[in-house]
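*Asks:* Below are the structure tokens for one structure; questions will follow.
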Amino acid sequence: QVQLVESGGDSVQAGGSLRLSCVASISGYDQRYVAWFRQAPGKEREWVAAISRSGLTTVYTDSVKGRFTMSRDNAKNTLYLQMNSLRPEDSAMYYCAATVAGPRSRLPTAKVDYNYWGQGTQVTVSS
């Protein structure tokens, strides 16, 4: 049974930092692309960051570049998102997601690219 469990969400003030984690109970974790998405109330779920299977390549949506850093530890089946300089507009439920195993020609960044999802962890940033 595939399970992705996020943690680390909290309420912080603007300018603060949080580190999100996502532990995956899934076979072939190192053969899967993983990503972070977020969804604010009344808005569509949006892609935040994605990472290659090796962890050597990351891509970010423009609004978080320079503030968020994504990493993965394949030995621990764990994904991380270090979030610095948080802004109120970063407030959302954050979800981790994983693809099926196998190579891709590019880092997947669309919701439809991902087959497995966690339940989310809430991040609230106050001004």
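Starting from 1 in every chain, residues are counted up; chains themselves are A, B, ... following the order of the structure tokens, and ligands are numbered from 1 as listed.
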Taking the backbone alone, and naming residues the way the document does, which bits of chain A are strand (DSSP E or B) by DSSP, as a ChimeraX atom specification?
*Replies:* /A:3-7,11-13,18-25,34-39,46-51,58-60,68-73,78-83,92-98,116-117,121-126
*Asks:* Which polymer residues have any atom within 8 Å of an atom of Leu81 of chain A, counting only C-alpha atoms, with same-chain residues fewer than 4 positions away left out, as a PyMOL selection string?
*Replies:* chain A and resi 19-21+36+68-71
*Asks:* Extract the full set of helix (DSSP H, G or I) residues from chain A according to DSSP on the backbone, and format it as a VMD selection string.
*Replies:* chain A and resid 29 to 31 62 to 64 88 to 90 111 to 113
*Asks:* How about saving the chosen residues, all heavy atoms kept, as a compact mmCIF listing (two decimals), in the first residue's frame?
*Replies:*
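Final output, saved to selection.txt:
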```txt
# COMPACT_ATOMS: atom_id res chain seq x y z
N TYR A 29 11.29 3.95 -4.38
CA TYR A 29 11.21 5.41 -4.16
C TYR A 29 12.24 6.15 -5.01
O TYR A 29 11.94 7.20 -5.58
CB TYR A 29 11.42 5.71 -2.68
CG TYR A 29 11.37 7.18 -2.32
CD1 TYR A 29 10.15 7.87 -2.28
CD2 TYR A 29 12.53 7.89 -2.01
CE1 TYR A 29 10.09 9.20 -1.95
CE2 TYR A 29 12.48 9.24 -1.68
CZ TYR A 29 11.26 9.89 -1.65
OH TYR A 29 11.21 11.23 -1.32
N ASP A 30 13.44 5.61 -5.11
CA ASP A 30 14.49 6.32 -5.83
C ASP A 30 14.29 6.29 -7.34
O ASP A 30 15.07 6.89 -8.08
CB ASP A 30 15.86 5.76 -5.46
CG ASP A 30 16.03 4.30 -5.80
OD1 ASP A 30 15.03 3.64 -6.17
OD2 ASP A 30 17.16 3.81 -5.69
N GLN A 31 13.28 5.59 -7.81
CA GLN A 31 12.95 5.56 -9.23
C GLN A 31 11.76 6.46 -9.56
O GLN A 31 11.28 6.45 -10.69
CB GLN A 31 12.65 4.12 -9.67
CG GLN A 31 13.86 3.21 -9.55
CD GLN A 31 15.03 3.74 -10.35
OE1 GLN A 31 14.93 4.00 -11.54
NE2 GLN A 31 16.17 3.92 -9.67
N ASP A 62 8.15 30.23 -9.80
CA ASP A 62 8.85 31.52 -9.68
C ASP A 62 8.66 32.17 -8.31
O ASP A 62 9.57 32.81 -7.79
CB ASP A 62 8.38 32.48 -10.79
CG ASP A 62 8.95 32.11 -12.15
OD1 ASP A 62 9.89 31.30 -12.21
OD2 ASP A 62 8.45 32.64 -13.14
N SER A 63 7.49 32.03 -7.74
CA SER A 63 7.18 32.75 -6.51
C SER A 63 7.97 32.26 -5.30
O SER A 63 8.03 32.95 -4.28
CB SER A 63 5.69 32.68 -6.21
OG SER A 63 5.29 31.34 -5.98
N VAL A 64 8.59 31.09 -5.39
CA VAL A 64 9.34 30.57 -4.24
C VAL A 64 10.84 30.47 -4.51
O VAL A 64 11.60 30.12 -3.61
CB VAL A 64 8.81 29.19 -3.80
CG1 VAL A 64 7.30 29.24 -3.57
CG2 VAL A 64 9.19 28.09 -4.77
N PRO A 88 2.76 35.80 3.81
CA PRO A 88 1.35 35.39 4.00
C PRO A 88 0.79 34.64 2.80
O PRO A 88 -0.03 33.73 2.99
CB PRO A 88 0.65 36.73 4.21
CG PRO A 88 1.69 37.60 4.84
CD PRO A 88 2.98 37.21 4.16
N GLU A 89 1.22 34.98 1.61
CA GLU A 89 0.71 34.31 0.41
C GLU A 89 1.22 32.87 0.27
O GLU A 89 0.77 32.14 -0.61
CB GLU A 89 1.03 35.11 -0.87
CG GLU A 89 2.50 35.45 -1.04
CD GLU A 89 2.84 36.84 -0.54
OE1 GLU A 89 2.29 37.26 0.51
OE2 GLU A 89 3.68 37.49 -1.20
N ASP A 90 2.14 32.47 1.12
CA ASP A 90 2.58 31.07 1.14
C ASP A 90 1.63 30.19 1.96
O ASP A 90 1.78 28.97 1.96
CB ASP A 90 3.99 30.96 1.73
CG ASP A 90 5.05 31.63 0.88
OD1 ASP A 90 4.99 31.49 -0.36
OD2 ASP A 90 5.93 32.29 1.47
N LYS A 111 -0.05 18.39 -12.10
CA LYS A 111 -0.76 17.48 -11.19
C LYS A 111 -0.98 16.12 -11.84
O LYS A 111 -0.86 15.09 -11.19
CB LYS A 111 -2.10 18.10 -10.78
CG LYS A 111 -1.97 19.24 -9.80
CD LYS A 111 -3.33 19.78 -9.42
CE LYS A 111 -4.02 20.49 -10.55
NZ LYS A 111 -5.28 21.14 -10.17
N VAL A 112 -1.29 16.11 -13.12
CA VAL A 112 -1.60 14.85 -13.79
C VAL A 112 -0.39 13.94 -13.92
O VAL A 112 -0.53 12.75 -14.19
CB VAL A 112 -2.20 15.09 -15.19
CG1 VAL A 112 -3.54 15.79 -15.06
CG2 VAL A 112 -1.25 15.88 -16.08
N ASP A 113 0.80 14.49 -13.71
CA ASP A 113 2.02 13.68 -13.79
C ASP A 113 2.19 12.80 -12.56
O ASP A 113 2.99 11.88 -12.57
CB ASP A 113 3.25 14.58 -13.90
CG ASP A 113 3.30 15.32 -15.23
OD1 ASP A 113 2.85 14.75 -16.25
OD2 ASP A 113 3.80 16.47 -15.25
```
*Asks:* Would you pick out the contacts of Gly9 of chain A at 7 Å or less, using only C-alpha atoms, so that residues sharing its chain but fewer than 5 positions from it are not included, and give the list as number ranges by chain?
*Replies:* A: 20, 121-123
*Asks:* Please produce an output containing C-alpha atoms for each residue in the selection, written as a short mmCIF file (atom, residue, chain, number, x, y, z; two decimals), in the first residue's frame.
*Replies:*
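Once everything was written out, this is result24.cif:
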```cif
data_model
loop_
_atom_site.label_atom_id
_atom_site.label_comp_id
_atom_site.auth_asym_id
_atom_site.auth_seq_id
_atom_site.Cartn_x
_atom_site.Cartn_y
_atom_site.Cartn_z
CA LEU A 20 8.35 20.22 5.74
CA THR A 121 0.24 19.60 6.14
CA GLN A 122 -1.03 23.10 6.88
CA VAL A 123 1.23 26.14 6.67
#
```
*Asks:* Do you have the atom CA of Ser25 of chain A-atom CA of Leu4 of chain A distance handy?
*Replies:*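 A separation of 6.3 Å between them.
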*Asks:* List the spatial neighbours of Arg67 of chain A as a VMD selection string - criterion: any atom at most 10 Å away, only C-alpha atoms, same-chain residues fewer than 4 positions off excluded.
*Replies:* chain A and resid 17 60 63 82 to 86
*Asks:* Go ahead and save the picked residues with C-alpha atoms, as a compact mmCIF listing (two decimals), in the first residue's frame.
*Replies:*
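Generated output (out.txt):
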```
# COMPACT_ATOMS: atom_id res chain seq x y z
CA SER A 17 11.02 29.51 8.34
CA TYR A 60 10.73 25.74 -8.50
CA SER A 63 7.18 32.75 -6.51
CA GLN A 82 12.96 24.10 3.54
CA MET A 83 10.93 27.29 3.43
CA ASN A 84 12.57 30.56 4.39
CA SER A 85 11.40 34.17 4.28
CA LEU A 86 7.82 33.01 4.43
```
*Asks:* Write out as a VMD selection string which residues come within 8 Å of Arg38 of chain A when counting only C-alpha atoms, dropping same-chain ones fewer than 3 positions away.
*Replies:* chain A and resid 45 to 48 92 to 95
